[in-house]
$ cat model13.pdb   # PDB, C-alpha atoms and all ligand atoms
ATOM      1  CA  MET C   1     -68.695  70.969 101.261
ATOM      2  CA  SER C   2     -68.878  74.640 102.240
ATOM      3  CA  LYS C   3     -68.049  75.508 105.812
ATOM      4  CA  PRO C   4     -70.151  78.253 107.446
ATOM      5  CA  LEU C   5     -67.261  80.033 109.170
ATOM      6  CA  THR C   6     -64.863  80.101 106.227
ATOM      7  CA  GLY C   7     -63.186  83.499 106.014
ATOM      8  CA  ARG C   8     -63.735  84.291 109.667
ATOM      9  CA  VAL C   9     -61.018  84.858 112.266
ATOM     10  CA  ALA C  10     -61.851  83.738 115.809
ATOM     11  CA  VAL C  11     -59.966  84.509 119.009
ATOM     12  CA  ILE C  12     -60.727  82.118 121.837
ATOM     13  CA  THR C  13     -59.519  82.817 125.365
ATOM     14  CA  GLY C  14     -59.266  80.020 127.897
ATOM     15  CA  ALA C  15     -58.486  77.687 125.001
ATOM     16  CA  SER C  16     -56.028  75.392 126.782
ATOM     17  CA  SER C  17     -58.805  73.211 128.227
ATOM     18  CA  GLY C  18     -62.533  72.644 128.549
ATOM     19  CA  ILE C  19     -65.003  74.824 126.690
ATOM     20  CA  GLY C  20     -62.401  77.041 124.986
ATOM     21  CA  GLU C  21     -60.405  74.103 123.687
ATOM     22  CA  ALA C  22     -63.525  72.409 122.307
ATOM     23  CA  ALA C  23     -64.727  75.666 120.758
ATOM     24  CA  ALA C  24     -61.375  76.247 119.045
ATOM     25  CA  GLU C  25     -61.442  72.815 117.444
ATOM     26  CA  HIS C  26     -65.085  73.131 116.442
ATOM     27  CA  LEU C  27     -64.830  76.634 114.984
ATOM     28  CA  ALA C  28     -61.676  75.628 113.091
ATOM     29  CA  GLY C  29     -63.504  72.579 111.746
ATOM     30  CA  LEU C  30     -66.193  74.945 110.433
ATOM     31  CA  GLY C  31     -63.596  76.933 108.521
ATOM     32  CA  ALA C  32     -62.541  79.758 110.872
ATOM     33  CA  ARG C  33     -58.889  80.582 111.398
ATOM     34  CA  VAL C  34     -58.461  80.513 115.169
ATOM     35  CA  ALA C  35     -56.103  82.250 117.580
ATOM     36  CA  VAL C  36     -56.038  80.390 120.872
ATOM     37  CA  LEU C  37     -55.050  82.153 124.064
ATOM     38  CA  ALA C  38     -54.323  80.904 127.603
ATOM     39  CA  ARG C  39     -51.320  80.672 129.926
ATOM     40  CA  ARG C  40     -50.311  77.033 129.317
ATOM     41  CA  ALA C  41     -48.240  77.230 126.132
ATOM     42  CA  ASP C  42     -47.723  73.456 125.883
ATOM     43  CA  ARG C  43     -51.465  72.789 125.827
ATOM     44  CA  LEU C  44     -51.953  75.482 123.179
ATOM     45  CA  SER C  45     -49.190  73.996 120.986
ATOM     46  CA  ASP C  46     -50.848  70.577 121.149
ATOM     47  CA  LEU C  47     -54.193  72.133 120.237
ATOM     48  CA  VAL C  48     -52.732  74.003 117.273
ATOM     49  CA  ALA C  49     -51.046  70.811 116.065
ATOM     50  CA  ARG C  50     -54.368  68.917 116.219
ATOM     51  CA  ILE C  51     -56.230  71.650 114.353
ATOM     52  CA  GLU C  52     -53.558  71.880 111.658
ATOM     53  CA  LYS C  53     -53.456  68.090 111.290
ATOM     54  CA  ASP C  54     -57.169  68.287 110.486
ATOM     55  CA  GLY C  55     -56.520  70.925 107.820
ATOM     56  CA  GLY C  56     -57.316  74.014 109.885
ATOM     57  CA  THR C  57     -55.323  77.163 110.609
ATOM     58  CA  ALA C  58     -54.460  78.101 114.179
ATOM     59  CA  LEU C  59     -52.164  80.404 116.122
ATOM     60  CA  ALA C  60     -51.131  79.860 119.748
ATOM     61  CA  ILE C  61     -50.672  82.901 121.964
ATOM     62  CA  ALA C  62     -49.563  82.243 125.523
ATOM     63  CA  ALA C  63     -50.863  85.126 127.624
ATOM     64  CA  ASP C  64     -52.471  85.878 130.952
ATOM     65  CA  VAL C  65     -55.730  87.774 130.464
ATOM     66  CA  THR C  66     -55.069  89.792 133.618
ATOM     67  CA  ASP C  67     -51.968  91.268 131.938
ATOM     68  CA  VAL C  68     -53.349  94.121 129.871
ATOM     69  CA  ALA C  69     -50.107  94.636 127.916
ATOM     70  CA  ALA C  70     -49.944  90.935 126.999
ATOM     71  CA  VAL C  71     -53.555  90.954 125.803
ATOM     72  CA  ARG C  72     -52.952  94.069 123.689
ATOM     73  CA  ALA C  73     -49.851  92.427 122.208
ATOM     74  CA  ALA C  74     -51.993  89.376 121.414
ATOM     75  CA  ALA C  75     -54.462  91.579 119.539
ATOM     76  CA  ASP C  76     -51.602  93.124 117.541
ATOM     77  CA  GLN C  77     -50.260  89.659 116.729
ATOM     78  CA  VAL C  78     -53.654  88.426 115.477
ATOM     79  CA  ALA C  79     -54.019  91.558 113.343
ATOM     80  CA  ALA C  80     -50.527  91.064 111.891
ATOM     81  CA  GLU C  81     -50.903  87.339 111.185
ATOM     82  CA  PHE C  82     -54.610  87.019 110.323
ATOM     83  CA  GLY C  83     -55.508  90.573 109.265
ATOM     84  CA  GLY C  84     -57.905  91.226 112.157
ATOM     85  CA  THR C  85     -60.507  89.456 114.285
ATOM     86  CA  ASP C  86     -64.241  89.125 113.634
ATOM     87  CA  LEU C  87     -65.182  86.673 116.390
ATOM     88  CA  VAL C  88     -64.090  86.678 120.025
ATOM     89  CA  LEU C  89     -65.059  83.949 122.472
ATOM     90  CA  ASN C  90     -64.224  85.709 125.738
ATOM     91  CA  ASN C  91     -64.122  82.599 127.839
ATOM     92  CA  ALA C  92     -61.159  82.417 130.269
ATOM     93  CA  GLY C  93     -62.440  82.018 133.798
ATOM     94  CA  VAL C  94     -61.912  80.566 137.261
ATOM     95  CA  MET C  95     -64.371  79.296 139.857
ATOM     96  CA  LEU C  96     -63.194  79.200 143.471
ATOM     97  CA  PRO C  97     -66.222  78.746 145.740
ATOM     98  CA  ALA C  98     -65.895  78.913 149.520
ATOM     99  CA  PRO C  99     -68.129  79.801 152.472
ATOM    100  CA  ILE C 100     -68.238  83.576 152.544
ATOM    101  CA  ASP C 101     -67.406  83.739 156.256
ATOM    102  CA  GLU C 102     -64.061  82.078 155.588
ATOM    103  CA  VAL C 103     -63.178  85.433 154.003
ATOM    104  CA  ALA C 104     -60.980  83.901 151.297
ATOM    105  CA  THR C 105     -60.020  87.291 149.937
ATOM    106  CA  ASP C 106     -57.249  85.940 147.688
ATOM    107  CA  GLN C 107     -59.750  83.715 145.905
ATOM    108  CA  TRP C 108     -62.331  86.522 145.718
ATOM    109  CA  GLN C 109     -59.694  88.698 144.075
ATOM    110  CA  GLN C 110     -58.525  85.962 141.703
ATOM    111  CA  GLN C 111     -62.073  85.471 140.402
ATOM    112  CA  ILE C 112     -62.604  89.209 140.007
ATOM    113  CA  ASP C 113     -59.214  89.582 138.279
ATOM    114  CA  VAL C 114     -59.782  86.825 135.697
ATOM    115  CA  ASN C 115     -63.563  86.814 135.232
ATOM    116  CA  ILE C 116     -64.057  90.588 135.217
ATOM    117  CA  THR C 117     -60.754  92.428 134.679
ATOM    118  CA  GLY C 118     -59.436  89.789 132.291
ATOM    119  CA  LEU C 119     -62.723  89.817 130.375
ATOM    120  CA  MET C 120     -62.480  93.613 130.085
ATOM    121  CA  ASN C 121     -58.843  93.462 128.972
ATOM    122  CA  VAL C 122     -59.901  91.206 126.106
ATOM    123  CA  ILE C 123     -62.788  93.501 125.216
ATOM    124  CA  GLY C 124     -60.514  96.536 125.275
ATOM    125  CA  ALA C 125     -57.910  94.901 123.077
ATOM    126  CA  PHE C 126     -60.203  93.318 120.488
ATOM    127  CA  VAL C 127     -63.271  95.560 120.194
ATOM    128  CA  PRO C 128     -61.537  97.902 117.718
ATOM    129  CA  GLN C 129     -60.911  94.912 115.416
ATOM    130  CA  LEU C 130     -64.507  93.718 115.838
ATOM    131  CA  VAL C 131     -65.844  97.163 114.995
ATOM    132  CA  GLN C 132     -63.619  97.306 111.929
ATOM    133  CA  ALA C 133     -64.872  93.875 110.836
ATOM    134  CA  GLY C 134     -68.466  94.975 111.434
ATOM    135  CA  ALA C 135     -67.904  98.003 109.196
ATOM    136  CA  GLU C 136     -66.056  96.137 106.451
ATOM    137  CA  ARG C 137     -67.851  92.768 106.413
ATOM    138  CA  GLY C 138     -71.231  93.581 107.970
ATOM    139  CA  VAL C 139     -70.961  91.248 110.948
ATOM    140  CA  ALA C 140     -68.711  90.390 113.886
ATOM    141  CA  ASP C 141     -69.295  88.536 117.143
ATOM    142  CA  LEU C 142     -68.339  89.090 120.759
ATOM    143  CA  ILE C 143     -69.455  86.000 122.693
ATOM    144  CA  ASN C 144     -68.857  86.153 126.439
ATOM    145  CA  THR C 145     -68.954  82.995 128.557
ATOM    146  CA  SER C 146     -71.171  83.663 131.553
ATOM    147  CA  SER C 147     -72.872  80.968 133.677
ATOM    148  CA  ILE C 148     -76.216  79.850 135.048
ATOM    149  CA  GLY C 149     -74.687  81.299 138.206
ATOM    150  CA  ALA C 150     -75.482  84.737 136.778
ATOM    151  CA  GLN C 151     -79.168  83.996 137.349
ATOM    152  CA  ASN C 152     -79.456  81.824 140.446
ATOM    153  CA  PRO C 153     -78.056  81.920 143.984
ATOM    154  CA  TYR C 154     -75.862  78.937 144.922
ATOM    155  CA  PRO C 155     -74.573  78.712 148.508
ATOM    156  CA  ASN C 156     -70.785  79.299 148.694
ATOM    157  CA  PHE C 157     -70.550  80.534 145.082
ATOM    158  CA  ALA C 158     -71.478  84.186 145.711
ATOM    159  CA  VAL C 159     -68.342  85.840 144.333
ATOM    160  CA  TYR C 160     -68.134  83.559 141.293
ATOM    161  CA  CYS C 161     -71.834  84.029 140.531
ATOM    162  CA  ALA C 162     -71.542  87.792 140.931
ATOM    163  CA  THR C 163     -68.663  87.892 138.438
ATOM    164  CA  LYS C 164     -70.878  86.018 135.989
ATOM    165  CA  SER C 165     -73.821  88.381 136.624
ATOM    166  CA  TYR C 166     -71.398  91.092 135.563
ATOM    167  CA  VAL C 167     -70.659  89.181 132.340
ATOM    168  CA  THR C 168     -74.337  88.765 131.448
ATOM    169  CA  GLN C 169     -75.238  92.357 132.311
ATOM    170  CA  LEU C 170     -72.200  93.770 130.517
ATOM    171  CA  SER C 171     -73.095  91.764 127.420
ATOM    172  CA  LYS C 172     -76.608  93.260 127.397
ATOM    173  CA  GLN C 173     -75.183  96.744 127.793
ATOM    174  CA  LEU C 174     -72.573  96.292 125.081
ATOM    175  CA  ARG C 175     -75.235  95.291 122.583
ATOM    176  CA  ALA C 176     -76.515  98.844 122.843
ATOM    177  CA  ASP C 177     -73.068 100.172 121.948
ATOM    178  CA  LEU C 178     -71.977  97.620 119.391
ATOM    179  CA  GLY C 179     -75.159  96.384 117.706
ATOM    180  CA  PRO C 180     -75.422  99.576 115.634
ATOM    181  CA  LYS C 181     -71.836  98.881 114.505
ATOM    182  CA  ASN C 182     -72.750  95.383 113.232
ATOM    183  CA  VAL C 183     -71.074  93.681 116.182
ATOM    184  CA  ARG C 184     -73.343  91.104 117.781
ATOM    185  CA  VAL C 185     -72.848  90.562 121.512
ATOM    186  CA  SER C 186     -73.958  87.392 123.273
ATOM    187  CA  ALA C 187     -73.741  85.917 126.755
ATOM    188  CA  VAL C 188     -73.652  82.131 126.902
ATOM    189  CA  GLU C 189     -74.670  80.765 130.312
ATOM    190  CA  PRO C 190     -73.847  77.085 130.745
ATOM    191  CA  GLY C 191     -74.974  74.916 133.622
ATOM    192  CA  PHE C 192     -72.824  72.033 134.913
ATOM    193  CA  THR C 193     -70.205  71.216 132.259
ATOM    194  CA  THR C 194     -67.450  68.654 132.764
ATOM    195  CA  THR C 195     -64.120  70.516 132.477
ATOM    196  CA  GLU C 196     -61.086  71.332 134.601
ATOM    197  CA  LEU C 197     -63.009  74.188 136.227
ATOM    198  CA  GLN C 198     -64.133  72.073 139.170
ATOM    199  CA  THR C 199     -60.636  70.671 139.780
ATOM    200  CA  HIS C 200     -59.378  74.022 141.069
ATOM    201  CA  VAL C 201     -61.880  74.088 143.937
ATOM    202  CA  THR C 202     -59.958  73.980 147.224
ATOM    203  CA  ASP C 203     -62.870  73.514 149.646
ATOM    204  CA  PRO C 204     -63.292  69.732 150.223
ATOM    205  CA  THR C 205     -67.011  69.933 151.084
ATOM    206  CA  ILE C 206     -67.798  71.828 147.903
ATOM    207  CA  SER C 207     -65.616  69.466 145.836
ATOM    208  CA  THR C 208     -67.574  66.526 147.220
ATOM    209  CA  TRP C 209     -70.865  68.292 146.422
ATOM    210  CA  LEU C 210     -69.699  68.794 142.818
ATOM    211  CA  GLU C 211     -68.499  65.179 142.506
ATOM    212  CA  THR C 212     -71.841  63.947 143.847
ATOM    213  CA  ALA C 213     -73.708  66.135 141.340
ATOM    214  CA  LYS C 214     -71.765  64.380 138.558
ATOM    215  CA  THR C 215     -73.190  61.050 139.643
ATOM    216  CA  GLN C 216     -76.758  62.354 139.906
ATOM    217  CA  LEU C 217     -77.245  63.799 136.431
ATOM    218  CA  GLU C 218     -75.553  63.838 133.049
ATOM    219  CA  TRP C 219     -73.473  66.997 132.779
ATOM    220  CA  LEU C 220     -72.924  68.946 129.586
ATOM    221  CA  THR C 221     -69.698  68.408 127.656
ATOM    222  CA  PRO C 222     -67.419  71.154 126.327
ATOM    223  CA  SER C 223     -68.502  70.053 122.867
ATOM    224  CA  ASP C 224     -72.142  70.898 123.721
ATOM    225  CA  ILE C 225     -71.082  74.491 124.416
ATOM    226  CA  ALA C 226     -68.813  74.609 121.359
ATOM    227  CA  THR C 227     -71.697  73.718 119.027
ATOM    228  CA  THR C 228     -73.826  76.382 120.710
ATOM    229  CA  VAL C 229     -71.133  79.014 120.119
ATOM    230  CA  ALA C 230     -70.865  77.975 116.476
ATOM    231  CA  PHE C 231     -74.660  78.195 116.124
ATOM    232  CA  ILE C 232     -74.638  81.784 117.436
ATOM    233  CA  ALA C 233     -71.824  82.796 115.087
ATOM    234  CA  SER C 234     -73.376  81.102 112.052
ATOM    235  CA  LEU C 235     -76.725  82.893 112.181
ATOM    236  CA  PRO C 236     -77.540  85.519 109.531
ATOM    237  CA  PRO C 237     -75.970  88.912 110.332
ATOM    238  CA  HIS C 238     -79.272  90.504 111.404
ATOM    239  CA  VAL C 239     -79.843  87.852 114.115
ATOM    240  CA  ASN C 240     -78.215  88.396 117.536
ATOM    241  CA  ILE C 241     -78.750  85.836 120.317
ATOM    242  CA  GLN C 242     -78.425  88.167 123.298
ATOM    243  CA  GLN C 243     -78.371  85.600 126.086
ATOM    244  CA  LEU C 244     -78.400  81.831 125.841
ATOM    245  CA  THR C 245     -78.737  79.556 128.863
ATOM    246  CA  ILE C 246     -77.752  75.965 128.204
ATOM    247  CA  MET C 247     -78.431  73.410 130.922
ATOM    248  CA  PRO C 248     -78.031  69.708 131.413
ATOM    249  CA  THR C 249     -81.556  68.347 131.002
ATOM    250  CA  GLY C 250     -81.450  66.901 134.519
ATOM    251  CA  GLN C 251     -80.216  70.104 136.206
ATOM    252  CA  THR C 252     -83.248  71.957 137.516
ATOM    253  CA  SER C 253     -81.601  74.951 139.181
TER
HETATM  254  P1  LIG C 301     -61.410  75.131 132.380
HETATM  255  O1  LIG C 301     -60.782  75.270 133.724
HETATM  256  O2  LIG C 301     -61.262  73.841 131.675
HETATM  257  O3  LIG C 301     -60.910  76.291 131.430
HETATM  258  C1  LIG C 301     -60.585  77.578 131.895
HETATM  259  C2  LIG C 301     -59.668  78.227 130.901
HETATM  260  O4  LIG C 301     -59.378  79.554 131.330
HETATM  261  C3  LIG C 301     -58.346  77.494 130.755
HETATM  262  O5  LIG C 301     -58.016  77.419 129.387
HETATM  263  C4  LIG C 301     -57.357  78.379 131.485
HETATM  264  O6  LIG C 301     -56.090  78.273 130.856
HETATM  265  C5  LIG C 301     -57.981  79.747 131.231
HETATM  266  N1  LIG C 301     -57.526  80.736 132.183
HETATM  267  C6  LIG C 301     -57.695  80.758 133.524
HETATM  268  N2  LIG C 301     -57.072  81.807 134.062
HETATM  269  C7  LIG C 301     -56.498  82.483 133.027
HETATM  270  C8  LIG C 301     -55.709  83.647 132.938
HETATM  271  N3  LIG C 301     -55.382  84.372 134.032
HETATM  272  N4  LIG C 301     -55.286  84.043 131.712
HETATM  273  C9  LIG C 301     -55.584  83.330 130.614
HETATM  274  N5  LIG C 301     -56.351  82.219 130.637
HETATM  275  C10 LIG C 301     -56.769  81.801 131.840
HETATM  276  O7  LIG C 301     -62.938  75.471 132.611
HETATM  277  P2  LIG C 301     -64.168  75.731 131.604
HETATM  278  O8  LIG C 301     -63.846  75.349 130.226
HETATM  279  O9  LIG C 301     -65.348  75.166 132.270
HETATM  280  O10 LIG C 301     -64.280  77.314 131.717
HETATM  281  C11 LIG C 301     -64.483  78.178 130.625
HETATM  282  C12 LIG C 301     -65.495  79.219 131.018
HETATM  283  O11 LIG C 301     -66.768  78.594 131.218
HETATM  284  C13 LIG C 301     -65.195  79.962 132.325
HETATM  285  O12 LIG C 301     -65.429  81.339 132.136
HETATM  286  C14 LIG C 301     -66.206  79.375 133.294
HETATM  287  O13 LIG C 301     -66.500  80.270 134.326
HETATM  288  C15 LIG C 301     -67.373  79.113 132.368
HETATM  289  N6  LIG C 301     -68.383  78.179 132.843
HETATM  290  C16 LIG C 301     -68.056  76.868 133.090
HETATM  291  C17 LIG C 301     -69.026  76.012 133.579
HETATM  292  C18 LIG C 301     -68.704  74.591 133.944
HETATM  293  O14 LIG C 301     -69.532  73.929 134.595
HETATM  294  N7  LIG C 301     -67.546  74.068 133.550
HETATM  295  C19 LIG C 301     -70.414  76.433 133.781
HETATM  296  C20 LIG C 301     -70.642  77.814 133.460
HETATM  297  C21 LIG C 301     -69.668  78.639 133.002
HETATM  298  P3  LIG C 301     -54.658  78.396 131.562
HETATM  299  O15 LIG C 301     -54.774  77.794 132.919
HETATM  300  O16 LIG C 301     -53.773  77.618 130.632
HETATM  301  O17 LIG C 301     -54.346  79.855 131.564
END
$ encode --input "model13.pdb" --output "structure tokens"
Amino acid sequence: MSKPLTGRVAVITGASSGIGEAAAEHLAGLGARVAVLARRADRLSDLVARIEKDGGTALAIAADVTDVAAVRAAADQVAAEFGGTDLVLNNAGVMLPAPIDEVATDQWQQQIDVNITGLMNVIGAFVPQLVQAGAERGVADLINTSSIGAQNPYPNFAVYCATKSYVTQLSKQLRADLGPKNVRVSAVEPGFTTTELQTHVTDPTISTWLETAKTQLEWLTPSDIATTVAFIASLPPHVNIQQLTIMPTGQTS
């Protein structure tokens, strides 16, 4: 049976867990060769082994997205081993909510560093390959993981939500630059999704609020987001989903 992403090369950041991990497996199952990037090398090796066991092709690259030189080296490695990238899921992120008057500046900075600077490092390193793919093959995809937090205010999540507003707005802006070069740009904005993201929260009150929310409605799974990403990338080249918000049915805001 033909696979819709055969011939494509996907780079997935934040692939050692959650949404990125699920997306890597799903895109590989649809025929893409995948390069998976995160800091935890052991998790990436396990992922690559699973993908290859299922007949796919995968490359693990252990790198921190805040390290611009490491991300550029990753782009060179993908070009050398796979001949260039035509799909980037720019997905690595952290969420560290806290009451703003606690002035948790380290956590503010960490979110800005990963969710904004890291996102830009990936864009800077891979956009030339996407543009080349757009010119040579007529289509390429830059899919940025934003959040429902880009749209709505949530108490204690101001810095995280603002980083995600940046992701959604940047994605809209980049369409103006890259659409004419056959590079589609999309922002995917998930609501509550069960991953490791919530386990890094250090504020006990907010952790309890998140745990309670899990008991009150059925959260999305990483696989739900992975199929959405594959849908975006599988559309005909003239169709660009600019912004896609995907919510648990029971989550109303
Ligand atoms: P996870 O915590 O499971 O995954 C986050 C990924 O980002 C991990 O693979 C982690 O890998 C990677 N990462 C974090 N920091 C860095 C870094 N400095 N360099 C490289 N990789 C890094 O959470 P999710 O799967 O939920 O998160 C994926 C994206 O989805 C994030 O952008 C998040 O903001 C967004 N999102 C999630 C929602 C949810 O409810 N889960 C809702 C809306 C959006 P490692 O630690 O190995 O480096």
$ closest_residue --input "model13.pdb" --among "C:Val88, C:Ala49, C:Val65, C:Ala140" --to "ligand LIG 301 (chain C)" --atoms "all atoms listed in the file"
C:Val65
$ atom_distance --input "model13.pdb" --atom1 "CA of Pro4 in chain C" --atom2 "CA of Arg137 in chain C"
14.7 Å
$ residues_near_ligand --input "model13.pdb" --ligand "ligand LIG 301 (chain C)" --cutoff "8 Å" --atoms "only C-alpha atoms and all ligand atoms" --output "PyMOL selection string"
chain C and resi 13-21+37-41+43-44+62-67+90-95+113-115+118+145-149+160+164+189-200+220+222
$ closest_residue --input "model13.pdb" --among "C:Asp86, C:Glu218, C:Asp106, C:Asp177" --to "Thr6 in chain C" --atoms "all atoms listed in the file"
C:Asp86
$ atom_distance --input "model13.pdb" --atom1 "CA of Ala74 in chain C" --atom2 "CA of Ala125 in chain C"
8.3 Å
$ resolve_selection --input "model13.pdb" --expression "the PyMOL selection byres (((chain C and resi 9) around 7) and not hetatm)" --output "PyMOL selection string"
chain C and resi 7-8+10-11+32-34+85-87
$ closest_residue --input "model13.pdb" --among "C:Glu211, C:Asp54, C:Asp203, C:Asp141" --to "Lys181 in chain C" --atoms "all atoms listed in the file"
C:Asp141
$ closest_residue --input "model13.pdb" --among "C:Pro97, C:Pro204, C:Pro180, C:Gly138" --to "Pro236 in chain C" --atoms "only C-alpha atoms"
C:Gly138
$ residues_around --input "model13.pdb" --residues "Ile51 in chain C" --least-positions-apart "2" --cutoff "10 Å" --atoms "only C-alpha atoms" --output "PyMOL selection string"
chain C and resi 24-29+33-34+45-49+53-59
$ closest_residue --input "model13.pdb" --among "C:Ala69, C:Ala133, C:Leu30, C:Lys3" --to "Thr227 in chain C" --atoms "all atoms listed in the file"
C:Leu30
$ closest_residue --input "model13.pdb" --among "C:Leu174, C:Ile232, C:Ala73, C:Val36" --to "Asn121 in chain C" --atoms "only C-alpha atoms"
C:Ala73
$ resolve_selection --input "model13.pdb" --expression "the PyMOL selection byres (((chain C and resi 241) around 10) and not hetatm)" --output "PyMOL selection string"
chain C and resi 143+184-188+231-233+235+239-240+242-244
$ build_atoms --input "model13.pdb" --residues "range 86-102 of chain C" --atoms "N, CA, C and O atoms" --output "compact mmCIF listing (two decimals), keeping the file's coordinate frame"
# COMPACT_ATOMS: atom_id res chain seq x y z
N ASP C 86 -62.81 88.82 113.72
CA ASP C 86 -64.24 89.12 113.63
C ASP C 86 -65.10 88.26 114.56
O ASP C 86 -66.32 88.31 114.48
N LEU C 87 -64.43 87.49 115.41
CA LEU C 87 -65.18 86.67 116.39
C LEU C 87 -64.30 86.52 117.63
O LEU C 87 -63.16 86.06 117.52
N VAL C 88 -64.82 86.90 118.77
CA VAL C 88 -64.09 86.68 120.02
C VAL C 88 -64.96 85.83 120.94
O VAL C 88 -66.12 86.19 121.22
N LEU C 89 -64.43 84.70 121.39
CA LEU C 89 -65.06 83.95 122.47
C LEU C 89 -64.28 84.28 123.73
O LEU C 89 -63.16 83.79 123.95
N ASN C 90 -64.87 85.15 124.54
CA ASN C 90 -64.22 85.71 125.74
C ASN C 90 -64.56 84.78 126.90
O ASN C 90 -65.57 84.95 127.58
N ASN C 91 -63.70 83.80 127.12
CA ASN C 91 -64.12 82.60 127.84
C ASN C 91 -63.25 82.24 129.05
O ASN C 91 -63.68 81.47 129.90
N ALA C 92 -62.04 82.79 129.15
CA ALA C 92 -61.16 82.42 130.27
C ALA C 92 -61.87 82.72 131.59
O ALA C 92 -62.49 83.77 131.75
N GLY C 93 -61.78 81.79 132.53
CA GLY C 93 -62.44 82.02 133.80
C GLY C 93 -61.96 81.07 134.87
O GLY C 93 -61.38 80.02 134.58
N VAL C 94 -62.21 81.44 136.12
CA VAL C 94 -61.91 80.57 137.26
C VAL C 94 -63.11 80.57 138.21
O VAL C 94 -63.83 81.56 138.31
N MET C 95 -63.28 79.44 138.89
CA MET C 95 -64.37 79.30 139.86
C MET C 95 -63.79 78.75 141.15
O MET C 95 -63.28 77.62 141.19
N LEU C 96 -63.82 79.58 142.20
CA LEU C 96 -63.19 79.20 143.47
C LEU C 96 -64.20 79.42 144.61
O LEU C 96 -64.08 80.38 145.38
N PRO C 97 -65.20 78.55 144.71
CA PRO C 97 -66.22 78.75 145.74
C PRO C 97 -65.68 78.45 147.13
O PRO C 97 -64.80 77.60 147.29
N ALA C 98 -66.25 79.14 148.11
CA ALA C 98 -65.90 78.91 149.52
C ALA C 98 -66.95 79.61 150.38
O ALA C 98 -67.55 80.60 149.94
N PRO C 99 -67.20 79.10 151.58
CA PRO C 99 -68.13 79.80 152.47
C PRO C 99 -67.68 81.25 152.65
O PRO C 99 -66.49 81.50 152.87
N ILE C 100 -68.62 82.16 152.57
CA ILE C 100 -68.24 83.58 152.54
C ILE C 100 -67.58 83.99 153.86
O ILE C 100 -66.70 84.87 153.89
N ASP C 101 -67.98 83.33 154.97
CA ASP C 101 -67.41 83.74 156.26
C ASP C 101 -66.01 83.17 156.49
O ASP C 101 -65.39 83.45 157.52
N GLU C 102 -65.50 82.43 155.52
CA GLU C 102 -64.06 82.08 155.59
C GLU C 102 -63.19 83.23 155.08
O GLU C 102 -61.97 83.21 155.21
